[in-house]
file query27.txt (compact mmCIF, C-alpha atoms)
# COMPACT_ATOMS: atom_id res chain seq x y z
CA MET A 1 -27.96 -34.27 26.35
CA VAL A 2 -27.64 -30.88 28.03
CA ARG A 3 -26.08 -28.32 25.75
CA ARG A 4 -22.92 -26.83 27.24
CA GLY A 5 -21.06 -23.73 26.23
CA ARG A 6 -21.06 -19.98 26.49
CA ILE A 7 -23.24 -17.70 24.43
CA ILE A 8 -22.36 -14.02 24.43
CA ILE A 9 -24.23 -11.24 22.66
CA LEU A 10 -22.11 -8.11 22.34
CA LEU A 11 -23.99 -4.81 22.23
CA ILE A 12 -22.14 -1.88 20.70
CA LEU A 13 -22.93 1.06 22.97
CA SER A 14 -22.22 4.74 22.75
CA GLY A 15 -19.73 4.29 25.59
CA PHE A 16 -17.44 2.14 23.40
CA LEU A 17 -13.82 3.20 24.00
CA SER A 18 -11.04 3.32 21.43
CA LEU A 19 -8.11 5.56 22.34
CA PRO A 20 -5.91 7.43 21.70
CA CYS A 21 -7.94 9.91 19.69
CA PHE A 22 -6.78 9.88 16.10
CA ALA A 23 -5.58 13.16 14.68
CA ASN A 24 -7.25 13.04 11.29
CA VAL A 25 -10.42 15.15 11.16
CA SER A 26 -12.39 14.77 7.94
CA THR A 27 -15.04 16.96 6.35
CA ASP A 28 -15.87 14.27 3.78
CA THR A 29 -19.46 13.15 3.42
CA GLY A 30 -20.60 9.78 4.67
CA ALA A 31 -21.01 8.63 1.06
CA HIS A 32 -17.36 9.34 0.35
CA LYS A 33 -16.28 7.48 3.51
CA LEU A 34 -18.33 4.49 2.44
CA THR A 35 -16.58 4.57 -0.94
CA VAL A 36 -13.22 4.57 0.86
CA ILE A 37 -14.22 1.54 2.91
CA ARG A 38 -15.44 -0.37 -0.12
CA LYS A 39 -12.76 0.47 -2.71
CA ASP A 40 -9.47 1.42 -1.07
CA THR A 41 -8.12 -1.93 0.08
CA SER A 42 -4.88 -0.30 1.29
CA VAL A 43 -6.88 1.43 4.02
CA GLN A 44 -7.49 -0.68 7.10
CA VAL A 45 -10.83 -0.30 8.85
CA ASP A 46 -11.99 -1.16 12.36
CA LEU A 47 -15.28 -1.11 14.23
CA MET A 48 -14.64 2.43 15.45
CA ASP A 49 -14.49 3.63 11.85
CA VAL A 50 -17.80 1.95 11.10
CA LEU A 51 -19.42 3.51 14.17
CA HIS A 52 -18.27 6.98 13.17
CA LEU A 53 -19.53 6.38 9.66
CA LEU A 54 -22.95 5.31 10.88
CA LEU A 55 -23.17 8.18 13.38
CA ARG A 56 -21.92 10.72 10.81
CA THR A 57 -19.57 12.29 13.35
CA GLY A 58 -17.29 13.93 10.80
CA TYR A 59 -14.40 12.01 12.34
CA SER A 60 -12.07 9.71 10.45
CA SER A 61 -9.24 7.44 11.54
CA TYR A 62 -8.27 6.12 8.12
CA ALA A 63 -4.55 6.74 8.53
CA LYS A 64 -2.60 4.02 6.71
CA ASN A 65 0.35 3.93 9.12
CA ASP A 66 -1.45 3.77 12.46
CA SER A 67 0.62 1.91 15.05
CA VAL A 68 0.85 1.66 18.81
CA GLY A 69 2.89 4.53 20.23
CA LEU A 70 3.57 6.12 23.60
CA LYS A 71 -0.08 7.09 24.08
CA PRO A 72 -2.14 4.14 25.35
CA VAL A 73 -4.52 2.53 22.87
CA VAL A 74 -7.60 1.34 24.76
CA SER A 75 -10.07 -1.12 23.26
CA ALA A 76 -13.14 -1.96 25.31
CA MET A 77 -16.51 -3.49 24.57
CA PRO A 78 -19.51 -3.49 26.92
CA GLY A 79 -22.22 -6.05 26.36
CA VAL A 80 -24.57 -8.62 27.74
CA GLY A 81 -24.22 -12.37 27.64
CA TYR A 82 -25.94 -15.63 28.33
CA ALA A 83 -24.58 -18.99 29.42
CA LEU A 84 -26.39 -22.07 30.66
CA GLN A 85 -24.23 -22.12 33.80
CA SER A 86 -24.68 -18.40 34.53
CA ARG A 87 -27.85 -17.24 32.74
CA MET A 88 -27.77 -13.52 31.86
CA ALA A 89 -24.53 -11.60 32.37
CA VAL A 90 -23.30 -8.04 32.02
CA VAL A 91 -19.79 -7.99 30.55
CA ILE A 92 -17.06 -5.43 29.87
CA SER A 93 -13.86 -6.67 28.20
CA GLY A 94 -10.90 -4.98 26.60
CA ASN A 95 -7.19 -4.25 26.58
CA VAL A 96 -4.69 -1.39 26.71
CA ALA A 97 -1.70 -1.40 24.36
CA PHE A 98 1.24 1.03 24.63
CA ARG A 99 5.01 1.42 24.38
CA THR A 100 7.26 2.71 27.15
CA ASP A 101 9.43 4.35 24.49
CA ALA A 102 9.68 4.39 20.69
CA GLN A 103 11.97 1.33 20.57
CA SER A 104 10.27 -0.88 23.15
CA ARG A 105 7.97 -3.76 22.38
CA VAL A 106 4.23 -3.27 22.75
CA SER A 107 3.09 -3.60 26.37
CA LEU A 108 -0.37 -4.98 26.99
CA ILE A 109 -2.92 -4.95 29.82
CA ASN A 110 -5.97 -7.20 29.43
CA PHE A 111 -9.03 -6.67 31.60
CA SER A 112 -12.63 -7.78 31.92
CA THR A 113 -15.41 -7.91 34.45
CA SER A 114 -18.80 -9.57 34.53
CA TYR A 115 -21.75 -10.15 36.80
CA THR A 116 -24.24 -12.92 36.11
CA GLN A 117 -27.81 -13.73 37.02
CA ASN A 118 -26.50 -16.65 39.09
CA GLY A 119 -24.49 -14.29 41.28
CA GLN A 120 -21.09 -14.94 39.67
CA PHE A 121 -18.71 -12.00 39.71
CA THR A 122 -15.35 -12.01 37.91
CA LEU A 123 -12.61 -9.41 37.73
CA PRO A 124 -9.38 -10.59 36.05
CA VAL A 125 -6.58 -8.22 35.05
CA GLN A 126 -3.40 -9.38 33.29
CA TRP A 127 -0.38 -7.34 32.28
CA ASN A 128 2.78 -7.73 30.22
CA ILE A 129 4.91 -4.57 30.44
CA TRP A 130 8.28 -4.02 28.74
CA ASN A 131 10.79 -1.47 29.99
CA LYS A 132 12.34 1.15 27.72
CA ASN A 133 15.11 -0.94 26.20
CA ASN A 134 13.31 -4.32 26.36
CA ALA A 135 15.84 -5.55 28.92
CA TYR A 136 13.06 -6.43 31.38
CA ASP A 137 9.54 -7.77 31.01
CA PHE A 138 7.09 -7.56 33.92
CA ILE A 139 4.33 -10.18 33.69
CA GLY A 140 1.53 -10.33 36.22
CA GLU A 141 -2.06 -11.07 37.02
CA MET A 142 -4.71 -10.18 39.59
CA ARG A 143 -7.92 -12.22 39.53
CA PHE A 144 -10.95 -12.22 41.84
CA TYR A 145 -13.90 -14.58 41.34
CA SER A 146 -17.04 -15.15 43.35
CA TYR A 147 -17.89 -18.20 41.40
CA PRO A 148 -20.57 -20.87 41.61
CA GLN A 149 -19.41 -23.46 39.05
CA SER A 150 -19.82 -27.19 38.54
CA SER A 151 -17.03 -29.74 38.33
CA PHE A 152 -17.32 -33.09 36.57
CA GLY A 153 -14.71 -35.31 38.17
CA LEU A 154 -11.10 -36.18 37.38
CA GLY A 155 -9.60 -37.32 34.10
CA SER A 156 -10.67 -36.98 30.50
CA HIS A 157 -12.79 -40.15 30.93
CA SER A 158 -15.05 -38.21 33.33
CA ASN A 159 -18.76 -38.39 32.59
CA ILE A 160 -20.79 -35.24 32.07
CA GLU A 161 -23.57 -36.86 34.12
CA ASN A 162 -21.30 -36.59 37.19
CA GLN A 163 -21.89 -32.84 37.38
CA ASN A 164 -21.16 -31.59 40.90
CA PRO A 165 -22.43 -28.03 41.59
CA MET A 166 -19.84 -26.08 43.58
CA ASP A 167 -19.45 -22.57 44.96
CA TYR A 168 -16.32 -20.71 46.09
CA ASN A 169 -14.41 -17.43 46.17
CA TYR A 170 -11.09 -17.21 44.41
CA LEU A 171 -8.21 -14.72 44.59
CA ARG A 172 -5.09 -15.08 42.47
CA PHE A 173 -2.00 -12.87 42.39
CA SER A 174 1.17 -13.41 40.41
CA GLU A 175 4.13 -11.26 39.42
CA THR A 176 7.17 -12.32 37.42
CA VAL A 177 10.24 -10.30 36.43
CA MET A 178 11.99 -11.47 33.28
CA ARG A 179 15.51 -10.40 32.23
CA ARG A 180 16.83 -10.63 28.69
CA VAL A 181 19.72 -13.03 28.34
CA ALA A 182 20.30 -12.78 24.61
CA GLY A 183 18.17 -11.83 21.63
CA TYR A 184 14.57 -12.94 22.21
CA PHE A 185 15.41 -15.19 25.18
CA TYR A 186 14.47 -14.15 28.74
CA VAL A 187 14.72 -15.81 32.14
CA GLY A 188 13.32 -14.75 35.49
CA ALA A 189 11.53 -15.57 38.71
CA GLY A 190 8.26 -14.71 40.35
CA TYR A 191 5.67 -15.34 43.02
CA ILE A 192 2.21 -16.96 42.62
CA MET A 193 -0.63 -17.24 45.11
CA ASP A 194 -3.99 -19.00 44.59
CA ASN A 195 -6.50 -18.70 47.43
CA HIS A 196 -9.89 -20.49 47.37
CA TRP A 197 -12.27 -20.02 50.30
CA GLY A 198 -15.91 -20.60 51.11
CA ILE A 199 -15.77 -23.84 49.07
CA SER A 200 -18.97 -25.87 49.09
CA HIS A 201 -20.55 -28.54 46.91
CA SER A 202 -23.87 -30.36 46.74
CA GLY A 203 -22.64 -33.63 45.20
CA PRO A 204 -23.21 -35.09 41.72
CA THR A 205 -26.72 -34.73 40.36
CA ASN A 206 -26.77 -38.49 39.67
CA SER A 207 -26.14 -39.27 43.39
CA ALA A 208 -22.66 -40.73 42.73
CA VAL A 209 -19.73 -40.08 45.09
CA SER A 210 -17.94 -36.98 43.83
CA ASP A 211 -14.27 -37.01 42.90
CA PHE A 212 -13.98 -33.81 44.93
CA SER A 213 -14.94 -35.74 48.09
CA SER A 214 -12.72 -38.71 47.21
CA TYR A 215 -9.76 -36.45 46.43
CA GLY A 216 -10.07 -34.58 49.72
CA ALA A 217 -12.83 -32.02 50.18
CA ALA A 218 -11.83 -28.76 51.87
CA THR A 219 -13.52 -25.44 52.50
CA HIS A 220 -10.35 -23.35 52.21
CA THR A 221 -7.11 -23.98 50.30
CA VAL A 222 -4.04 -21.90 49.53
CA SER A 223 -1.21 -22.50 47.07
CA SER A 224 1.66 -20.06 47.57
CA GLY A 225 5.14 -20.28 46.16
CA PHE A 226 7.89 -19.15 43.84
CA SER A 227 8.34 -19.75 40.15
CA LEU A 228 11.30 -20.02 37.79
CA ASN A 229 10.48 -18.89 34.29
CA GLY A 230 11.90 -18.54 30.83
CA PHE A 231 10.60 -17.64 27.40
CA PHE A 232 11.63 -17.03 23.80
CA ASP A 233 9.41 -14.62 21.87
CA SER A 234 10.03 -13.61 18.25
CA ARG A 235 6.39 -12.80 17.42
CA ASP A 236 5.75 -9.62 15.47
CA CYS A 237 2.76 -8.69 17.67
CA ALA A 238 1.64 -10.26 20.95
CA VAL A 239 -1.99 -9.13 20.48
CA ASN A 240 -2.49 -10.65 17.03
CA PRO A 241 0.65 -12.41 15.72
CA THR A 242 1.13 -13.04 12.01
CA LYS A 243 4.58 -14.63 12.21
CA GLY A 244 7.16 -15.76 14.71
CA PHE A 245 7.65 -18.25 17.51
CA TYR A 246 6.89 -18.25 21.23
CA ALA A 247 7.97 -20.78 23.86
CA MET A 248 7.57 -20.49 27.64
CA TYR A 249 8.21 -22.63 30.68
CA GLN A 250 7.12 -22.06 34.27
CA TYR A 251 8.33 -24.20 37.15
CA ARG A 252 6.29 -23.55 40.30
CA GLN A 253 7.22 -24.65 43.81
CA ASN A 254 4.52 -24.22 46.48
CA LEU A 255 5.73 -24.20 50.07
CA MET A 256 3.85 -24.70 53.33
CA ALA A 257 6.24 -22.16 54.86
CA LEU A 258 4.60 -19.56 52.58
CA GLY A 259 1.09 -20.54 53.63
CA SER A 260 0.32 -23.37 51.20
CA THR A 261 -2.18 -26.01 52.24
CA SER A 262 0.23 -28.66 50.90
CA ALA A 263 3.66 -28.73 49.28
CA TRP A 264 3.59 -29.48 45.55
CA ASN A 265 5.25 -28.39 42.35
CA SER A 266 4.26 -28.15 38.71
CA LEU A 267 5.60 -27.36 35.25
CA ILE A 268 3.87 -25.51 32.42
CA ILE A 269 5.27 -25.63 28.87
CA ASP A 270 3.58 -23.29 26.37
CA VAL A 271 4.73 -23.34 22.70
CA ARG A 272 3.23 -21.35 19.80
CA LYS A 273 4.17 -20.96 16.13
CA TYR A 274 2.75 -18.58 13.51
CA LEU A 275 3.36 -18.46 9.77
CA ARG A 276 1.77 -16.88 6.71
CA PHE A 277 -0.09 -19.41 4.59
CA PRO A 278 0.01 -18.98 1.66
CA GLU A 279 3.31 -17.20 2.20
CA ASN A 280 2.39 -14.07 0.20
CA SER A 281 -1.07 -13.69 1.80
CA LYS A 282 -2.40 -12.06 4.96
CA ASN A 283 -3.69 -15.44 6.19
CA VAL A 284 -2.06 -17.08 9.21
CA LEU A 285 -1.64 -20.71 10.25
CA ALA A 286 -1.14 -20.88 14.03
CA PHE A 287 -0.12 -23.82 16.26
CA TRP A 288 -0.37 -24.08 20.05
CA SER A 289 0.85 -26.70 22.52
CA TYR A 290 0.02 -26.21 26.21
CA ASN A 291 1.18 -28.80 28.74
CA TRP A 292 0.41 -28.39 32.45
CA LEU A 293 2.02 -31.09 34.58
CA THR A 294 2.02 -31.86 38.31
CA LEU A 295 5.55 -33.07 39.11
CA SER A 296 5.15 -34.01 42.76
CA GLY A 297 2.88 -33.54 45.74
CA LYS A 298 -0.89 -33.20 45.81
CA PRO A 299 -2.33 -29.84 44.67
CA PRO A 300 -5.70 -28.74 46.08
CA TYR A 301 -8.56 -29.95 43.88
CA LEU A 302 -9.35 -26.50 42.47
CA ASP A 303 -5.67 -25.87 41.65
CA LEU A 304 -5.39 -28.94 39.44
CA PRO A 305 -5.00 -28.35 35.68
CA ALA A 306 -8.42 -27.99 34.06
CA THR A 307 -10.12 -27.01 30.81
CA LEU A 308 -10.26 -23.22 30.34
CA TRP A 309 -8.30 -22.68 33.57
CA ASP A 310 -4.99 -21.90 31.83
CA ALA A 311 -3.55 -18.41 32.37
CA SER A 312 -5.55 -16.93 29.48
CA THR A 313 -8.65 -19.14 30.09
CA ASN A 314 -8.69 -20.12 26.41
CA THR A 315 -7.96 -23.86 26.21
CA GLY A 316 -10.67 -26.25 25.12
CA ARG A 317 -13.11 -24.35 22.91
CA GLY A 318 -16.08 -26.67 22.57
CA TYR A 319 -16.31 -27.48 26.31
CA ILE A 320 -17.54 -25.73 29.42
CA GLN A 321 -14.93 -24.36 31.82
CA GLY A 322 -13.72 -27.08 34.20
CA ARG A 323 -15.21 -29.88 32.09
CA PHE A 324 -11.98 -31.91 32.39
CA ARG A 325 -9.58 -31.79 35.35
CA GLY A 326 -6.60 -33.84 36.50
CA ALA A 327 -3.00 -33.86 37.70
CA GLN A 328 -1.63 -33.87 34.14
CA MET A 329 -2.91 -31.93 31.14
CA VAL A 330 -1.65 -32.23 27.57
CA TYR A 331 -3.23 -29.89 25.04
CA ALA A 332 -2.73 -29.03 21.35
CA GLU A 333 -4.55 -26.70 18.98
CA THR A 334 -4.22 -25.38 15.45
CA GLU A 335 -6.08 -22.47 13.88
CA TYR A 336 -6.26 -21.05 10.36
CA ARG A 337 -6.95 -17.31 10.32
CA PHE A 338 -8.05 -15.66 7.08
CA ARG A 339 -9.39 -12.33 5.91
CA ILE A 340 -12.94 -12.01 4.65
CA THR A 341 -12.67 -8.33 3.67
CA ALA A 342 -9.51 -6.83 2.19
CA ASN A 343 -9.69 -3.87 4.58
CA GLY A 344 -9.27 -6.16 7.58
CA LEU A 345 -12.63 -5.38 9.19
CA LEU A 346 -13.88 -8.97 8.96
CA GLY A 347 -11.99 -12.23 9.17
CA GLY A 348 -12.63 -15.86 9.86
CA VAL A 349 -10.96 -18.85 11.52
CA LEU A 350 -11.17 -22.61 11.47
CA PHE A 351 -9.81 -24.37 14.56
CA ALA A 352 -9.31 -27.84 16.00
CA ASN A 353 -8.00 -28.86 19.41
CA ALA A 354 -7.35 -31.97 21.47
CA GLN A 355 -6.88 -32.41 25.23
CA SER A 356 -6.00 -35.30 27.51
CA PHE A 357 -6.01 -35.42 31.32
CA SER A 358 -4.94 -37.90 33.94
CA GLY A 359 -6.93 -38.47 37.13
CA ALA A 360 -5.34 -37.97 40.56
CA PRO A 361 -1.54 -37.51 40.89
CA GLY A 362 0.37 -40.62 39.90
CA THR A 363 -2.16 -41.82 37.31
CA ARG A 364 -1.81 -41.98 33.54
CA LEU A 365 -3.28 -39.79 30.84
CA GLN A 366 -6.71 -40.87 29.69
CA ALA A 367 -8.78 -40.40 26.51
CA VAL A 368 -8.09 -37.61 24.04
CA GLN A 369 -11.08 -35.27 23.82
CA PRO A 370 -11.38 -33.30 20.56
CA GLY A 371 -12.93 -29.91 19.85
CA PHE A 372 -13.31 -27.99 16.60
CA GLY A 373 -15.31 -25.29 14.88
CA PRO A 374 -15.40 -22.05 12.85
CA GLY A 375 -15.11 -18.48 14.04
CA LEU A 376 -15.65 -14.86 13.03
CA ARG A 377 -13.26 -11.95 13.65
CA VAL A 378 -14.30 -8.29 13.76
CA LYS A 379 -11.54 -5.68 13.97
CA LEU A 380 -12.20 -3.78 17.18
CA ASN A 381 -9.07 -1.61 17.04
CA LYS A 382 -6.77 -1.56 14.01
CA VAL A 383 -4.01 0.31 15.90
CA SER A 384 -3.49 -2.42 18.50
CA LYS A 385 -4.73 -5.08 16.00
CA THR A 386 -7.32 -6.21 18.52
CA ASN A 387 -10.17 -8.39 17.23
CA ILE A 388 -13.49 -9.42 18.69
CA ALA A 389 -13.34 -13.22 18.42
CA VAL A 390 -16.61 -15.14 18.16
CA ASP A 391 -16.18 -18.92 17.83
CA TYR A 392 -18.61 -21.81 17.67
CA GLY A 393 -16.96 -24.78 19.38
CA ILE A 394 -18.10 -28.40 19.16
CA GLY A 395 -16.94 -31.17 21.51
CA ARG A 396 -18.08 -34.65 22.52
CA GLU A 397 -21.19 -35.66 24.47
CA GLY A 398 -23.27 -32.92 22.86
CA SER A 399 -20.97 -30.17 24.13
CA LYS A 400 -21.17 -27.07 21.92
CA GLY A 401 -21.73 -23.34 22.04
CA LEU A 402 -20.43 -19.86 21.28
CA PHE A 403 -17.16 -18.62 22.80
CA VAL A 404 -16.40 -14.87 22.72
CA ASN A 405 -13.08 -13.18 23.44
CA ILE A 406 -11.43 -9.78 23.07
CA GLY A 407 -8.22 -10.56 21.16
CA GLU A 408 -6.94 -13.77 19.63
CA LEU A 409 -7.02 -16.82 21.87
CA PHE A 410 -3.31 -17.58 21.36
call {"tool": "encode", "arguments": {"input": "query27.txt", "output": "structure tokens"}}
result
Amino acid sequence: MVRRGRIIILLILSGFLSLPCFANVSTDTGAHKLTVIRKDTSVQVDLMDVLHLLLRTGYSSYAKNDSVGLKPVVSAMPGVGYALQSRMAVVISGNVAFRTDAQSRVSLINFSTSYTQNGQFTLPVQWNIWNKNNAYDFIGEMRFYSYPQSSFGLGSHSNIENQNPMDYNYLRFSETVMRRVAGYFYVGAGYIMDNHWGISHSGPTNSAVSDFSSYGAATHTVSSGFSLNGFFDSRDCAVNPTKGFYAMYQYRQNLMALGSTSAWNSLIIDVRKYLRFPENSKNVLAFWSYNWLTLSGKPPYLDLPATLWDASTNTGRGYIQGRFRGAQMVYAETEYRFRITANGLLGGVLFANAQSFSGAPGTRLQAVQPGFGPGLRVKLNKVSKTNIAVDYGIGREGSKGLFVNIGELF
């Protein structure tokens, strides 16, 4: 069985960014710094600290009360990667965390870009920006892909042998304005546009008729429409939560009057819960439910719910992106996050997930496909609490591989 998954090797380069510049300048020797890292468990350490220690720069960021302030905190990691579907890739990923004033919640911009040996280019940028008194939250995304990628048919019964190599360009834009109603509850509205063009496919490698052709092959599709949104968010930190609750819904109505290929609507329900376990520890037990449902109409094939095509592209560790696709998606995941070192530099996770898809609109959910595995966490930036997440996911039909992310997956 062909091994599926994504293998990324991150190279720490001299161009590694971690801003703002910390104010503490130390004249301590490297030996003393190493003693601090090893013995003072009240001091939190990140990868930037380790780099400065190794390079003997005379620079220290061991402040105990570092937190995100008005100055942006940038965490970025350049590297190279390898995946069976892309071969070699050059990757830069990171985020920017900041506050619009001292009382606002932490705003976050996530970004990444990559270019692969197979000619795939990706440039996604996502933002979540709070205004000064937290009355408004501006949530948006801009994504451009030039993206040869296989599909495998509809439903979670789909066979991996039905691999259908495809190629297309993809542009996505969305912007949503949320207004606080009371406490942690917000409602709002937005606009979403998904544009796929230059779509081509060569047919399944086993000579079967592709679900893409049966569903309705097209070379150009557009989904354009408005959304109604709401969320409740009591998490202590959106980058790396340790407690709290998050629930979100998004109703999307695509209209031909706005340029859509077809009229259809959908509903996304995203629920997450975080708690300390054991209660007096730094370890976290996290739960995630992500349900992506087509309510009516017939979305274009590439706009159907699919594995790793959620807004954060994080569902379904253990499977290749687009492995399962269908009109209805029901997904659940749990993860246990624990510290390996008391200073927070290294941590680990154990995760398990399950996903079920229907076929075309109007059909029922099919088999539940499980995924599970362990993971390693390396603190990239202790101020924004950003981790490098390296997970080994295992699924069915021999599907397995490494999955790398900047920040927690949910």
call {"tool": "closest_residue", "arguments": {"input": "query27.txt", "among": "A:Asn314, A:Ser156, A:Lys379, A:Ser112", "to": "A:Ser358", "atoms": "all atoms listed in the file"}}
result
A:Ser156
call {"tool": "residues_around", "arguments": {"input": "query27.txt", "residues": "A:Asn95", "least_positions_apart": "6", "cutoff": "7 Å", "atoms": "only C-alpha atoms", "output": "list of chain:residue names"}}
result
A:Val74, A:Ser75, A:Ala76, A:Leu108, A:Ile109, A:Asn110, A:Phe111
call {"tool": "closest_residue", "arguments": {"input": "query27.txt", "among": "A:Leu154, A:Val349, A:Val383, A:Ile92", "to": "A:Arg325", "atoms": "only C-alpha atoms"}}
result
A:Leu154
call {"tool": "atom_distance", "arguments": {"input": "query27.txt", "atom1": "atom CA of A:Ser210", "atom2": "atom CA of A:Ala354"}}
result
25.2 Å
call {"tool": "closest_atom_pairs", "arguments": {"input": "query27.txt", "of": "stretch 131-188 of chain A", "to": "stretch 249-252 of chain A", "cutoff": "12 Å", "atoms": "only C-alpha atoms", "output": "CSV"}}
result
residue,atom,partner,partner_atom,distance
A:Ser174,CA,A:Arg252,CA,11.4
A:Thr176,CA,A:Gln250,CA,10.2
A:Met178,CA,A:Gln250,CA,11.7
A:Phe185,CA,A:Tyr249,CA,11.7
A:Tyr186,CA,A:Tyr249,CA,10.7
A:Val187,CA,A:Tyr249,CA,9.5
A:Gly188,CA,A:Gln250,CA,9.7
call {"tool": "atom_distance", "arguments": {"input": "query27.txt", "atom1": "atom CA of A:Ile269", "atom2": "atom CA of A:Leu293"}}
result
8.5 Å
call {"tool": "residues_around", "arguments": {"input": "query27.txt", "residues": "stretch 359-363 of chain A", "least_positions_apart": "6", "cutoff": "8 Å", "atoms": "all atoms listed in the file", "output": "number ranges by chain"}}
result
A: 154-156, 215, 294, 296-298, 325-328
call {"tool": "atom_distance", "arguments": {"input": "query27.txt", "atom1": "atom CA of A:Val404", "atom2": "atom CA of A:Ala332"}}
result
19.7 Å
call {"tool": "residues_around", "arguments": {"input": "query27.txt", "residues": "A:Asn131", "least_positions_apart": "2", "cutoff": "12 Å", "atoms": "all atoms listed in the file", "output": "list of chain:residue names"}}
result
A:Phe98, A:Arg99, A:Thr100, A:Asp101, A:Ala102, A:Gln103, A:Ser104, A:Arg105, A:Val106, A:Ser107, A:Asn128, A:Ile129, A:Asn133, A:Asn134, A:Ala135, A:Tyr136, A:Asp137, A:Phe138, A:Ile139, A:Val177, A:Met178, A:Arg179, A:Arg180
call {"tool": "closest_residue", "arguments": {"input": "query27.txt", "among": "A:Gly225, A:Gly322, A:Gly393, A:Gly190", "to": "A:Gln149", "atoms": "all atoms listed in the file"}}
result
A:Gly322
call {"tool": "closest_residue", "arguments": {"input": "query27.txt", "among": "A:Tyr319, A:Phe277, A:Tyr301, A:Tyr191", "to": "A:Thr219", "atoms": "all atoms listed in the file"}}
result
A:Tyr301
call {"tool": "closest_residue", "arguments": {"input": "query27.txt", "among": "A:Ala306, A:Ala247, A:Val239, A:Leu258", "to": "A:Ser224", "atoms": "only C-alpha atoms"}}
result
A:Leu258
call {"tool": "closest_residue", "arguments": {"input": "query27.txt", "among": "A:Arg272, A:Asn169, A:Leu345, A:Asn280", "to": "A:Ala238", "atoms": "all atoms listed in the file"}}
result
A:Arg272
